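Peer 1: Contents are mmCIF, C-alpha atoms and all ligand atoms; file name final_32.cif:
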```cif
data_target
#
loop_
_atom_site.group_PDB
_atom_site.id
_atom_site.type_symbol
_atom_site.label_atom_id
_atom_site.label_comp_id
_atom_site.auth_asym_id
_atom_site.auth_seq_id
_atom_site.Cartn_x
_atom_site.Cartn_y
_atom_site.Cartn_z
ATOM 1 C CA MET Y 147 -11.681 8.954 -16.763
ATOM 2 C CA ASP Y 148 -13.893 5.910 -16.273
ATOM 3 C CA LYS Y 149 -11.336 3.109 -16.153
ATOM 4 C CA LEU Y 150 -12.868 1.774 -12.918
ATOM 5 C CA LYS Y 151 -16.549 2.493 -13.570
ATOM 6 C CA ASN Y 152 -18.815 0.395 -11.283
ATOM 7 C CA LYS Y 153 -15.794 -1.171 -9.570
ATOM 8 C CA VAL Y 154 -15.472 -1.489 -5.802
ATOM 9 C CA ALA Y 155 -12.023 -0.909 -4.306
ATOM 10 C CA VAL Y 156 -10.580 -1.301 -0.809
ATOM 11 C CA ILE Y 157 -7.444 0.648 0.117
ATOM 12 C CA THR Y 158 -5.664 -0.111 3.384
ATOM 13 C CA GLY Y 159 -3.832 2.993 4.584
ATOM 14 C CA GLY Y 160 -6.175 5.031 2.409
ATOM 15 C CA SER Y 161 -6.190 8.051 4.710
ATOM 16 C CA SER Y 162 -2.724 9.415 3.923
ATOM 17 C CA GLY Y 163 0.050 9.604 1.349
ATOM 18 C CA ILE Y 164 0.049 7.020 -1.431
ATOM 19 C CA GLY Y 165 -3.211 5.388 -0.303
ATOM 20 C CA LEU Y 166 -5.083 8.695 -0.199
ATOM 21 C CA ALA Y 167 -3.752 9.799 -3.606
ATOM 22 C CA THR Y 168 -4.865 6.425 -4.972
ATOM 23 C CA ALA Y 169 -8.335 6.780 -3.425
ATOM 24 C CA LYS Y 170 -8.719 10.112 -5.241
ATOM 25 C CA GLU Y 171 -7.446 8.628 -8.530
ATOM 26 C CA PHE Y 172 -9.801 5.645 -8.266
ATOM 27 C CA ILE Y 173 -12.820 7.847 -7.477
ATOM 28 C CA ALA Y 174 -11.930 10.133 -10.413
ATOM 29 C CA ASN Y 175 -12.087 6.978 -12.524
ATOM 30 C CA GLY Y 176 -15.544 5.941 -11.340
ATOM 31 C CA ALA Y 177 -14.783 3.495 -8.511
ATOM 32 C CA LYS Y 178 -16.462 3.262 -5.146
ATOM 33 C CA VAL Y 179 -13.643 3.251 -2.619
ATOM 34 C CA VAL Y 180 -13.377 2.063 0.975
ATOM 35 C CA ILE Y 181 -10.448 3.543 2.880
ATOM 36 C CA PHE Y 182 -9.111 1.791 5.982
ATOM 37 C CA GLY Y 183 -6.938 3.233 8.751
ATOM 38 C CA ARG Y 184 -6.738 3.632 12.515
ATOM 39 C CA ASN Y 185 -7.502 7.321 12.971
ATOM 40 C CA LYS Y 186 -11.261 7.907 12.791
ATOM 41 C CA GLN Y 187 -10.958 11.676 12.586
ATOM 42 C CA SER Y 188 -8.793 11.435 9.434
ATOM 43 C CA LEU Y 189 -11.217 8.964 7.883
ATOM 44 C CA ASP Y 190 -14.184 11.235 8.664
ATOM 45 C CA GLU Y 191 -12.495 14.325 7.203
ATOM 46 C CA ILE Y 192 -11.502 12.518 4.024
ATOM 47 C CA THR Y 193 -14.854 10.832 3.438
ATOM 48 C CA LYS Y 194 -16.522 14.219 3.915
ATOM 49 C CA GLU Y 195 -14.180 15.723 1.307
ATOM 50 C CA LEU Y 196 -14.446 12.876 -1.205
ATOM 51 C CA GLY Y 197 -18.212 12.380 -0.983
ATOM 52 C CA SER Y 198 -20.521 9.414 -1.433
ATOM 53 C CA MET Y 199 -18.091 7.365 -3.549
ATOM 54 C CA CYS Y 200 -15.828 7.072 -0.498
ATOM 55 C CA TYR Y 201 -16.517 5.191 2.725
ATOM 56 C CA GLY Y 202 -14.191 4.999 5.724
ATOM 57 C CA ILE Y 203 -13.743 1.956 7.925
ATOM 58 C CA GLN Y 204 -11.662 2.280 11.062
ATOM 59 C CA GLY Y 205 -9.334 -0.537 12.058
ATOM 60 C CA ASP Y 206 -5.817 -1.831 12.498
ATOM 61 C CA VAL Y 207 -4.165 -4.290 10.074
ATOM 62 C CA THR Y 208 -2.625 -6.103 13.030
ATOM 63 C CA ASN Y 209 -6.110 -7.039 14.240
ATOM 64 C CA ILE Y 210 -7.544 -9.928 12.208
ATOM 65 C CA SER Y 211 -11.140 -9.259 13.253
ATOM 66 C CA ASP Y 212 -10.772 -5.645 12.028
ATOM 67 C CA LEU Y 213 -9.711 -7.024 8.641
ATOM 68 C CA GLU Y 214 -12.648 -9.459 8.516
ATOM 69 C CA LYS Y 215 -14.982 -6.572 9.355
ATOM 70 C CA LEU Y 216 -13.360 -4.411 6.662
ATOM 71 C CA TYR Y 217 -14.355 -6.837 3.927
ATOM 72 C CA THR Y 218 -17.793 -7.850 5.259
ATOM 73 C CA ASP Y 219 -18.742 -4.182 5.788
ATOM 74 C CA THR Y 220 -17.455 -3.254 2.320
ATOM 75 C CA LYS Y 221 -19.576 -6.014 0.791
ATOM 76 C CA SER Y 222 -22.670 -4.850 2.701
ATOM 77 C CA LYS Y 223 -22.097 -1.228 1.705
ATOM 78 C CA PHE Y 224 -21.011 -1.537 -1.939
ATOM 79 C CA GLY Y 225 -21.195 -5.235 -2.995
ATOM 80 C CA GLY Y 226 -18.419 -7.637 -4.074
ATOM 81 C CA ILE Y 227 -14.866 -6.340 -4.250
ATOM 82 C CA ASP Y 228 -12.967 -5.807 -7.519
ATOM 83 C CA ILE Y 229 -9.759 -4.156 -6.320
ATOM 84 C CA VAL Y 230 -7.733 -4.456 -3.121
ATOM 85 C CA PHE Y 231 -4.771 -2.150 -2.566
ATOM 86 C CA VAL Y 232 -2.804 -3.681 0.326
ATOM 87 C CA ASN Y 233 -0.840 -0.578 1.177
ATOM 88 C CA VAL Y 234 -0.289 -0.128 4.928
ATOM 89 C CA GLY Y 235 3.338 -0.084 5.937
ATOM 90 C CA GLN Y 236 5.527 1.633 8.487
ATOM 91 C CA GLY Y 237 9.167 2.524 8.114
ATOM 92 C CA LYS Y 238 10.810 2.779 11.495
ATOM 93 C CA LEU Y 239 14.554 2.186 11.367
ATOM 94 C CA ALA Y 240 17.101 0.550 13.708
ATOM 95 C CA PRO Y 241 20.493 -1.100 13.190
ATOM 96 C CA ILE Y 242 20.371 -4.905 13.447
ATOM 97 C CA ALA Y 243 22.661 -4.789 16.499
ATOM 98 C CA GLU Y 244 20.149 -2.574 18.316
ATOM 99 C CA THR Y 245 16.908 -4.263 17.218
ATOM 100 C CA SER Y 246 14.795 -5.490 20.129
ATOM 101 C CA GLU Y 247 12.332 -8.351 19.962
ATOM 102 C CA THR Y 248 9.518 -5.837 20.564
ATOM 103 C CA PHE Y 249 10.605 -3.714 17.604
ATOM 104 C CA PHE Y 250 10.995 -6.829 15.439
ATOM 105 C CA ASP Y 251 7.473 -7.968 16.299
ATOM 106 C CA GLU Y 252 5.974 -4.515 15.706
ATOM 107 C CA MET Y 253 7.526 -4.119 12.236
ATOM 108 C CA ILE Y 254 6.743 -7.648 11.090
ATOM 109 C CA ASN Y 255 3.212 -7.495 12.532
ATOM 110 C CA VAL Y 256 2.314 -4.353 10.611
ATOM 111 C CA ASN Y 257 4.306 -4.750 7.398
ATOM 112 C CA LEU Y 258 4.205 -8.505 6.783
ATOM 113 C CA LYS Y 259 1.501 -10.123 8.909
ATOM 114 C CA GLY Y 260 -0.831 -7.140 8.462
ATOM 115 C CA ALA Y 261 -0.397 -7.141 4.690
ATOM 116 C CA TYR Y 262 -0.618 -10.937 4.468
ATOM 117 C CA PHE Y 263 -3.965 -11.071 6.254
ATOM 118 C CA SER Y 264 -5.220 -7.979 4.434
ATOM 119 C CA LEU Y 265 -4.751 -10.117 1.322
ATOM 120 C CA GLN Y 266 -6.003 -13.394 2.790
ATOM 121 C CA LYS Y 267 -9.204 -12.039 4.341
ATOM 122 C CA ALA Y 268 -10.123 -10.327 1.042
ATOM 123 C CA ILE Y 269 -10.023 -13.492 -1.050
ATOM 124 C CA ALA Y 270 -13.462 -14.853 -0.118
ATOM 125 C CA HIS Y 271 -15.068 -11.515 -1.039
ATOM 126 C CA LEU Y 272 -13.459 -10.937 -4.440
ATOM 127 C CA ASN Y 273 -15.373 -10.725 -7.692
ATOM 128 C CA PRO Y 274 -14.068 -12.724 -10.677
ATOM 129 C CA ASN Y 275 -11.193 -10.932 -12.448
ATOM 130 C CA ALA Y 276 -10.335 -8.889 -9.381
ATOM 131 C CA SER Y 277 -7.005 -7.100 -9.130
ATOM 132 C CA ILE Y 278 -4.847 -7.044 -6.006
ATOM 133 C CA ILE Y 279 -1.960 -4.623 -5.642
ATOM 134 C CA ILE Y 280 0.516 -4.791 -2.749
ATOM 135 C CA THR Y 281 2.854 -1.926 -1.880
ATOM 136 C CA THR Y 282 6.465 -3.054 -1.578
ATOM 137 C CA SER Y 283 9.463 -0.673 -1.627
ATOM 138 C CA TRP Y 284 12.706 0.242 -3.414
ATOM 139 C CA LEU Y 285 14.363 -0.909 -0.186
ATOM 140 C CA ASN Y 286 13.580 -4.571 -0.859
ATOM 141 C CA GLU Y 287 16.519 -4.743 -3.288
ATOM 142 C CA ILE Y 288 19.302 -2.835 -1.553
ATOM 143 C CA GLY Y 289 21.190 -2.769 1.724
ATOM 144 C CA PHE Y 290 20.106 0.506 3.308
ATOM 145 C CA GLY Y 291 21.512 0.758 6.839
ATOM 146 C CA GLY Y 292 18.860 0.566 9.557
ATOM 147 C CA SER Y 293 16.157 -0.787 7.266
ATOM 148 C CA SER Y 294 16.566 -4.530 7.919
ATOM 149 C CA LEU Y 295 12.969 -5.140 9.029
ATOM 150 C CA LEU Y 296 11.423 -2.683 6.576
ATOM 151 C CA SER Y 297 13.448 -4.154 3.697
ATOM 152 C CA ALA Y 298 12.930 -7.778 4.753
ATOM 153 C CA SER Y 299 9.175 -7.335 5.199
ATOM 154 C CA LYS Y 300 8.881 -5.749 1.762
ATOM 155 C CA ALA Y 301 11.045 -8.480 0.186
ATOM 156 C CA ALA Y 302 8.746 -11.061 1.782
ATOM 157 C CA LEU Y 303 5.743 -9.293 0.273
ATOM 158 C CA ARG Y 304 7.411 -9.477 -3.148
ATOM 159 C CA SER Y 305 7.452 -13.258 -2.694
ATOM 160 C CA VAL Y 306 3.857 -13.334 -1.451
ATOM 161 C CA VAL Y 307 2.804 -11.558 -4.667
ATOM 162 C CA ARG Y 308 4.299 -14.369 -6.783
ATOM 163 C CA VAL Y 309 2.684 -17.118 -4.712
ATOM 164 C CA ALA Y 310 -0.724 -15.410 -4.524
ATOM 165 C CA ASN Y 311 -0.543 -15.000 -8.279
ATOM 166 C CA ALA Y 312 0.094 -18.734 -8.695
ATOM 167 C CA GLU Y 313 -2.839 -19.576 -6.430
ATOM 168 C CA LEU Y 314 -5.393 -17.059 -7.721
ATOM 169 C CA ALA Y 315 -4.678 -16.761 -11.454
ATOM 170 C CA SER Y 316 -7.017 -19.666 -12.259
ATOM 171 C CA GLN Y 317 -9.879 -17.502 -10.912
ATOM 172 C CA GLY Y 318 -8.797 -14.672 -13.201
ATOM 173 C CA ILE Y 319 -7.494 -12.732 -10.194
ATOM 174 C CA ARG Y 320 -4.312 -10.788 -10.856
ATOM 175 C CA VAL Y 321 -1.813 -9.944 -8.108
ATOM 176 C CA ASN Y 322 0.948 -7.381 -8.582
ATOM 177 C CA ALA Y 323 3.183 -5.156 -6.495
ATOM 178 C CA VAL Y 324 3.904 -1.465 -6.806
ATOM 179 C CA SER Y 325 7.351 -0.539 -5.534
ATOM 180 C CA PRO Y 326 7.639 3.144 -4.634
ATOM 181 C CA GLY Y 327 10.963 4.914 -4.458
ATOM 182 C CA PRO Y 328 11.276 7.919 -2.129
ATOM 183 C CA ILE Y 329 7.865 9.588 -2.146
ATOM 184 C CA GLY Y 330 6.974 12.814 -0.340
ATOM 185 C CA THR Y 331 4.389 11.660 2.215
ATOM 186 C CA PRO Y 332 3.935 11.819 6.011
ATOM 187 C CA PHE Y 333 5.711 8.403 6.111
ATOM 188 C CA TRP Y 334 9.099 10.131 6.434
ATOM 189 C CA GLY Y 335 8.054 12.047 9.551
ATOM 190 C CA LYS Y 336 7.275 8.766 11.325
ATOM 191 C CA ILE Y 337 10.534 6.862 10.787
ATOM 192 C CA GLY Y 338 12.111 8.097 14.011
ATOM 193 C CA LEU Y 339 14.974 10.277 12.709
ATOM 194 C CA SER Y 340 15.752 13.792 13.956
ATOM 195 C CA ASP Y 341 15.078 16.631 11.497
ATOM 196 C CA ASP Y 342 18.816 17.069 10.792
ATOM 197 C CA VAL Y 343 19.467 13.395 10.117
ATOM 198 C CA LEU Y 344 16.286 13.150 8.032
ATOM 199 C CA GLN Y 345 17.343 16.152 5.939
ATOM 200 C CA GLY Y 346 20.758 14.577 5.272
ATOM 201 C CA ALA Y 347 19.201 11.223 4.401
ATOM 202 C CA ALA Y 348 16.706 12.902 2.056
ATOM 203 C CA GLU Y 349 19.529 14.683 0.216
ATOM 204 C CA ALA Y 350 21.545 11.481 -0.137
ATOM 205 C CA ILE Y 351 18.519 9.528 -1.364
ATOM 206 C CA THR Y 352 17.555 12.300 -3.804
ATOM 207 C CA ASN Y 353 21.049 12.080 -5.286
ATOM 208 C CA GLN Y 354 20.600 8.352 -5.839
ATOM 209 C CA THR Y 355 17.566 8.934 -8.075
ATOM 210 C CA ALA Y 356 18.086 9.552 -11.773
ATOM 211 C CA LEU Y 357 15.440 12.298 -11.680
ATOM 212 C CA LYS Y 358 17.085 14.014 -8.677
ATOM 213 C CA ARG Y 359 13.873 14.452 -6.718
ATOM 214 C CA PHE Y 360 11.393 12.694 -4.469
ATOM 215 C CA GLY Y 361 8.258 11.433 -6.179
ATOM 216 C CA GLN Y 362 4.728 12.569 -5.450
ATOM 217 C CA PRO Y 363 2.089 10.148 -4.143
ATOM 218 C CA GLU Y 364 -0.035 10.960 -7.197
ATOM 219 C CA GLU Y 365 2.722 9.505 -9.420
ATOM 220 C CA VAL Y 366 2.441 6.180 -7.577
ATOM 221 C CA ALA Y 367 -1.363 6.358 -7.720
ATOM 222 C CA LYS Y 368 -1.224 6.462 -11.545
ATOM 223 C CA ALA Y 369 0.684 3.158 -11.571
ATOM 224 C CA VAL Y 370 -1.747 1.609 -9.082
ATOM 225 C CA LEU Y 371 -4.636 2.713 -11.318
ATOM 226 C CA PHE Y 372 -2.916 0.974 -14.241
ATOM 227 C CA LEU Y 373 -2.520 -2.252 -12.236
ATOM 228 C CA ALA Y 374 -6.108 -2.032 -10.936
ATOM 229 C CA SER Y 375 -7.681 -1.449 -14.340
ATOM 230 C CA ASN Y 376 -8.128 -3.578 -17.416
ATOM 231 C CA ASP Y 377 -5.215 -1.697 -19.030
ATOM 232 C CA SER Y 378 -2.936 -4.204 -17.261
ATOM 233 C CA SER Y 379 -5.062 -7.263 -18.115
ATOM 234 C CA TYR Y 380 -2.019 -9.380 -19.121
ATOM 235 C CA ILE Y 381 0.221 -8.353 -16.221
ATOM 236 C CA THR Y 382 0.315 -10.476 -13.084
ATOM 237 C CA GLY Y 383 2.886 -11.592 -10.525
ATOM 238 C CA HIS Y 384 5.037 -8.539 -11.246
ATOM 239 C CA GLU Y 385 6.401 -5.580 -9.343
ATOM 240 C CA ILE Y 386 6.264 -2.169 -11.008
ATOM 241 C CA ALA Y 387 8.789 0.364 -9.728
ATOM 242 C CA VAL Y 388 7.774 4.010 -9.425
ATOM 243 C CA ASP Y 389 11.076 5.265 -8.115
ATOM 244 C CA GLY Y 390 12.577 8.037 -10.235
ATOM 245 C CA GLY Y 391 15.218 5.584 -11.449
ATOM 246 C CA ILE Y 392 16.783 5.147 -8.021
ATOM 247 C CA ASN Y 393 19.967 3.080 -8.134
ATOM 248 C CA GLN Y 394 19.614 2.699 -11.915
ATOM 249 C CA VAL Y 395 22.284 5.278 -12.731
HETATM 250 N N1 LIG G 1 6.716 7.261 1.216
HETATM 251 C C1 LIG G 1 7.724 6.564 0.735
HETATM 252 O O1 LIG G 1 8.811 7.116 0.430
HETATM 253 C C2 LIG G 1 7.586 5.084 0.515
HETATM 254 C C3 LIG G 1 8.621 4.419 -0.179
HETATM 255 C C4 LIG G 1 8.519 3.048 -0.389
HETATM 256 C C5 LIG G 1 7.400 2.355 0.071
HETATM 257 N N2 LIG G 1 6.412 3.033 0.744
HETATM 258 C C6 LIG G 1 5.269 2.261 1.217
HETATM 259 O O2 LIG G 1 4.074 2.860 0.775
HETATM 260 C C7 LIG G 1 3.016 2.535 1.686
HETATM 261 C C8 LIG G 1 2.256 3.790 2.020
HETATM 262 O O3 LIG G 1 3.158 4.708 2.591
HETATM 263 P P1 LIG G 1 2.887 6.269 2.664
HETATM 264 O O4 LIG G 1 4.167 6.938 2.326
HETATM 265 O O5 LIG G 1 1.653 6.628 1.934
HETATM 266 O O6 LIG G 1 2.667 6.408 4.267
HETATM 267 P P2 LIG G 1 1.748 7.328 5.162
HETATM 268 O O7 LIG G 1 1.481 8.643 4.499
HETATM 269 O O8 LIG G 1 2.406 7.316 6.493
HETATM 270 O O9 LIG G 1 0.349 6.533 5.239
HETATM 271 C C9 LIG G 1 0.238 5.348 5.972
HETATM 272 C C10 LIG G 1 -1.217 4.951 6.015
HETATM 273 O O10 LIG G 1 -1.335 3.684 6.656
HETATM 274 C C11 LIG G 1 -2.233 3.785 7.754
HETATM 275 N N3 LIG G 1 -1.757 2.857 8.779
HETATM 276 C C12 LIG G 1 -0.532 2.810 9.359
HETATM 277 N N4 LIG G 1 -0.452 1.802 10.227
HETATM 278 C C13 LIG G 1 -1.661 1.175 10.191
HETATM 279 C C14 LIG G 1 -2.198 0.062 10.860
HETATM 280 N N5 LIG G 1 -1.484 -0.644 11.771
HETATM 281 N N6 LIG G 1 -3.466 -0.328 10.563
HETATM 282 C C15 LIG G 1 -4.210 0.368 9.669
HETATM 283 N N7 LIG G 1 -3.739 1.443 9.003
HETATM 284 C C16 LIG G 1 -2.487 1.839 9.268
HETATM 285 C C17 LIG G 1 -2.187 5.260 8.161
HETATM 286 O O11 LIG G 1 -3.360 5.687 8.832
HETATM 287 P P3 LIG G 1 -3.479 5.654 10.454
HETATM 288 O O12 LIG G 1 -2.191 6.179 10.993
HETATM 289 O O13 LIG G 1 -4.692 6.499 10.746
HETATM 290 O O14 LIG G 1 -3.707 4.212 10.794
HETATM 291 C C18 LIG G 1 -2.099 5.909 6.788
HETATM 292 O O15 LIG G 1 -3.369 5.968 6.175
HETATM 293 C C19 LIG G 1 3.693 1.837 2.876
HETATM 294 O O16 LIG G 1 3.530 0.443 2.736
HETATM 295 C C20 LIG G 1 5.153 2.202 2.728
HETATM 296 O O17 LIG G 1 6.011 1.218 3.274
HETATM 297 C C21 LIG G 1 6.481 4.380 0.978
#
```
Represent the supplied structure as structure tokens.
Peer 2:
Amino acid sequence: MDKLKNKVAVITGGSSGIGLATAKEFIANGAKVVIFGRNKQSLDEITKELGSMCYGIQGDVTNISDLEKLYTDTKSKFGGIDIVFVNVGQGKLAPIAETSETFFDEMINVNLKGAYFSLQKAIAHLNPNASIIITTSWLNEIGFGGSSLLSASKAALRSVVRVANAELASQGIRVNAVSPGPIGTPFWGKIGLSDDVLQGAAEAITNQTALKRFGQPEEVAKAVLFLASNDSSYITGHEIAVDGGINQV
């Protein structure tokens, strides 16, 4: 359990769901981990629980100066950065015909612009042979009604992974994506569906998976650990699906 010994990792959206499970997995493997999110109370509770290997920095991915502060503060606290898990994303849904400009801007600001600058602002602070992992989604490959901005933002991030890989590989920096399928996290309670509609959607989605269940955030965290560690030293520019075989059967 020391795959990340002496490594420094930053996890955006590290206070909940997939990011939090990954923070725990990284710390169990010897890393010092900075978690980033907006809610200070959550960050304080988690850093208290996880101890001195975990440090919380409050901020919003849509605010560039918060992102700059994230990386400069991480460097001051722990030193140069070896792993960045660009993981914040929100999943609100709306049909294309009913999408307002405000909603468009909100989704693209958080999911695409926020992730893009979470990556960009990290680059100057990375140690040689760093690993960057970006969270995409199973929705970037299918036409799921209501998900146009979620799906499009995640498809754009899949492209950004390829380009970042082309630009950073000469420095030994690897860039990959992890693509979760349906994972049981607080994410689903924030997408704006009533309990009844959500229940029906969850059943339909479950039936589309080969394993006939939602995944657990810890199952995604294991794949992120693999991409963060030297175990994946010859893997870059790729997207690894952790999705219970959704739409494969
Ligand atoms: N769960 C799924 O089924 C699923 C499937 C496919 C892809 N994904 C992707 O996986 C990633 C993580 O999702 P999750 O399920 O773990 O969600 P989650 O439990 O809702 O966690 C989201 C995290 O992001 C933080 N966050 C949200 N907006 C932020 C902002 N503007 N600035 C800074 N932090 C922000 C939240 O903290 P605060 O609210 O305190 O800021 C929280 O820590 C997302 O990119 C999502 O699109 C999830």
Peer 1: As a quick test: using all atoms listed in the file, which residues lie no more than 6 Å away from ligand LIG 1 (chain G)? Give them as a VMD selection string.
Peer 2: chain Y and resid 159 to 165 183 to 185 205 to 208 233 to 237 256 281 to 284 326 to 333
Peer 1: Report as JSON, numbers by chain the residues that result from applying the PyMOL selection byres (((chain Y and resi 322) around 8) and not hetatm) to the structure here.
Peer 2: {"Y": [277, 278, 279, 280, 307, 308, 311, 320, 321, 323, 324, 373, 381, 382, 383, 384, 385, 386]}
Peer 1: Can you write just those residues out, C-alpha atoms, as a CSV table (one decimal), keeping the file's coordinate frame?
Peer 2:
```
chain,number,residue,atom,x,y,z
Y,277,SER,CA,-7.0,-7.1,-9.1
Y,278,ILE,CA,-4.8,-7.0,-6.0
Y,279,ILE,CA,-2.0,-4.6,-5.6
Y,280,ILE,CA,0.5,-4.8,-2.7
Y,307,VAL,CA,2.8,-11.6,-4.7
Y,308,ARG,CA,4.3,-14.4,-6.8
Y,311,ASN,CA,-0.5,-15.0,-8.3
Y,320,ARG,CA,-4.3,-10.8,-10.9
Y,321,VAL,CA,-1.8,-9.9,-8.1
Y,323,ALA,CA,3.2,-5.2,-6.5
Y,324,VAL,CA,3.9,-1.5,-6.8
Y,373,LEU,CA,-2.5,-2.3,-12.2
Y,381,ILE,CA,0.2,-8.4,-16.2
Y,382,THR,CA,0.3,-10.5,-13.1
Y,383,GLY,CA,2.9,-11.6,-10.5
Y,384,HIS,CA,5.0,-8.5,-11.2
Y,385,GLU,CA,6.4,-5.6,-9.3
Y,386,ILE,CA,6.3,-2.2,-11.0
```
Peer 1: Out of Y:Leu295, Y:Ser305, Y:Asn209, Y:Lys215, which residue has the shortest atom-to-atom distance to Y:Asp251 when counting all atoms listed in the file?
Peer 2: Y:Leu295
Peer 1: Which residue, Y:Ile210, Y:Asp148, Y:Ala177, Y:Met199, has the smallest gap to Y:Asn255 when you use all atoms listed in the file?
Peer 2: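 Among the listed residues, the smallest separation from Y:Asn255 belongs to Y:Ile210.
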Peer 1: Nearest to Y:Thr220: which of Y:Ile242, Y:Ala169, Y:Met253, Y:Ala155 is it, counting all atoms listed in the file?
Peer 2: Y:Ala155
Peer 1: Within 9 Å of Y:Asp190, counting all atoms listed in the file, which residues show up once you throw out same-chain ones fewer than 4 positions away? Write them as a ChimeraX atom specification, please.
Peer 2: /Y:185-186,194-195,201-202
Peer 1: Would you work out the distance separating atom CA of Y:Phe250 from atom CA of Y:Arg304, expressed in Å to one decimal?
Peer 2: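 These two atoms are separated by 19.1 Å.
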Peer 1: As an exercise, work out the distance from atom CA of Y:Asn257 to atom CA of Y:Gly292 in Å and give it to one decimal place.
Peer 2: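 According to the coordinates, atom CA of Y:Asn257 and atom CA of Y:Gly292 are separated by 15.6 Å.
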Peer 1: Between atom CA of Y:His271 and atom CA of Y:Glu171, what distance in Å does the model show, to one decimal?
Peer 2: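 Taking atom CA of Y:His271 as the start and atom CA of Y:Glu171 as the end point, the length is 22.8 Å.
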Peer 1: Any idea what's packed within 8 Å of Y:Ser297, counting only C-alpha atoms, ignoring anything in its chain fewer than 6 positions away? Could you give it as a tab-separated table (two decimals) with C-alpha atoms, in the coordinates of the input?
Peer 2:
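Generated output (result-v4.tsv):
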```
chain	number	residue	atom	x	y	z
Y	283	SER	CA	9.46	-0.67	-1.63
Y	285	LEU	CA	14.36	-0.91	-0.19
Y	286	ASN	CA	13.58	-4.57	-0.86
Y	287	GLU	CA	16.52	-4.74	-3.29
Y	288	ILE	CA	19.30	-2.84	-1.55
```
Peer 1: Ranking Y:Ala301, Y:Ile192, Y:Leu296, Y:Ile157 by minimum distance to Y:Asp228 and counting only C-alpha atoms, which one comes first?
Peer 2: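 Of Y:Ala301, Y:Ile192, Y:Leu296, Y:Ile157, the one nearest Y:Asp228, counting only C-alpha atoms, is Y:Ile157.
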Peer 1: Can you work out which one of Y:Ala367, Y:Leu239, Y:Ala276, Y:Ala315 has the shortest atom-to-atom distance to Y:Ala174, counting all atoms listed in the file?
Peer 2: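 Going through Y:Ala367, Y:Leu239, Y:Ala276, Y:Ala315 one by one, the smallest distance to Y:Ala174 is for Y:Ala367.
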Peer 1: Would you mind telling me which residue in Y:Thr193, Y:Gln317, Y:Asn275, Y:Ser264 lies nearest to Y:Ile173 when using all atoms listed in the file?
Peer 2: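 Looking only at the distances to Y:Ile173, the closest residue turns out to be Y:Thr193.
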Peer 1: Given the file shown, determine the residues that the PyMOL selection byres (((chain Y and resi 152) around 8) and not hetatm) selects; report them as a PyMOL selection string.
Peer 2: chain Y and resi 150-151+153-154+176-178
Peer 1: Please provide as a compact mmCIF listing (two decimals) with C-alpha atoms, in the frame of the given file all residues within 7 Å of Y:Thr355, with the sequence filter that same-chain residues fewer than 3 positions apart are discarded (counting only C-alpha atoms).
Peer 2:
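Saved the output as result22.txt:
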```
# COMPACT_ATOMS: atom_id res chain seq x y z
CA ILE Y 351 18.52 9.53 -1.36
CA THR Y 352 17.56 12.30 -3.80
CA LYS Y 358 17.08 14.01 -8.68
CA ARG Y 359 13.87 14.45 -6.72
CA GLY Y 390 12.58 8.04 -10.24
CA GLY Y 391 15.22 5.58 -11.45
CA ILE Y 392 16.78 5.15 -8.02
CA ASN Y 393 19.97 3.08 -8.13
```
Peer 1: Please write stretch 228-235 of chain Y of the preceding block to a file containing N, CA, C and O atoms, as an mmCIF file, in the first residue's frame?
Peer 2:
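Once everything was written out, this is decode_2.cif:
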```
data_model
loop_
_atom_site.group_PDB
_atom_site.id
_atom_site.type_symbol
_atom_site.label_atom_id
_atom_site.label_comp_id
_atom_site.auth_asym_id
_atom_site.auth_seq_id
_atom_site.Cartn_x
_atom_site.Cartn_y
_atom_site.Cartn_z
ATOM 1 N N ASP Y 228 2.868 16.011 -7.909
ATOM 2 C CA ASP Y 228 3.094 14.810 -8.723
ATOM 3 C C ASP Y 228 1.827 14.306 -9.412
ATOM 4 O O ASP Y 228 1.911 13.627 -10.437
ATOM 5 N N ILE Y 229 0.681 14.600 -8.808
ATOM 6 C CA ILE Y 229 -0.580 14.046 -9.327
ATOM 7 C C ILE Y 229 -1.657 15.133 -9.247
ATOM 8 O O ILE Y 229 -1.803 15.784 -8.208
ATOM 9 N N VAL Y 230 -2.385 15.315 -10.338
ATOM 10 C CA VAL Y 230 -3.546 16.207 -10.308
ATOM 11 C C VAL Y 230 -4.749 15.415 -10.816
ATOM 12 O O VAL Y 230 -4.725 14.872 -11.925
ATOM 13 N N PHE Y 231 -5.768 15.331 -9.977
ATOM 14 C CA PHE Y 231 -7.022 14.688 -10.372
ATOM 15 C C PHE Y 231 -8.048 15.797 -10.603
ATOM 16 O O PHE Y 231 -8.570 16.390 -9.667
ATOM 17 N N VAL Y 232 -8.269 16.098 -11.883
ATOM 18 C CA VAL Y 232 -9.195 17.171 -12.292
ATOM 19 C C VAL Y 232 -10.582 16.541 -12.346
ATOM 20 O O VAL Y 232 -10.954 15.885 -13.326
ATOM 21 N N ASN Y 233 -11.349 16.723 -11.287
ATOM 22 C CA ASN Y 233 -12.508 15.851 -11.070
ATOM 23 C C ASN Y 233 -13.839 16.569 -10.890
ATOM 24 O O ASN Y 233 -14.897 15.960 -10.981
ATOM 25 N N VAL Y 234 -13.802 17.896 -10.675
ATOM 26 C CA VAL Y 234 -15.086 18.598 -10.454
ATOM 27 C C VAL Y 234 -15.963 18.507 -11.701
ATOM 28 O O VAL Y 234 -15.489 18.689 -12.829
ATOM 29 N N GLY Y 235 -17.223 18.235 -11.466
ATOM 30 C CA GLY Y 235 -18.187 18.274 -12.565
ATOM 31 C C GLY Y 235 -19.583 18.326 -11.981
ATOM 32 O O GLY Y 235 -19.813 17.820 -10.882
#
```
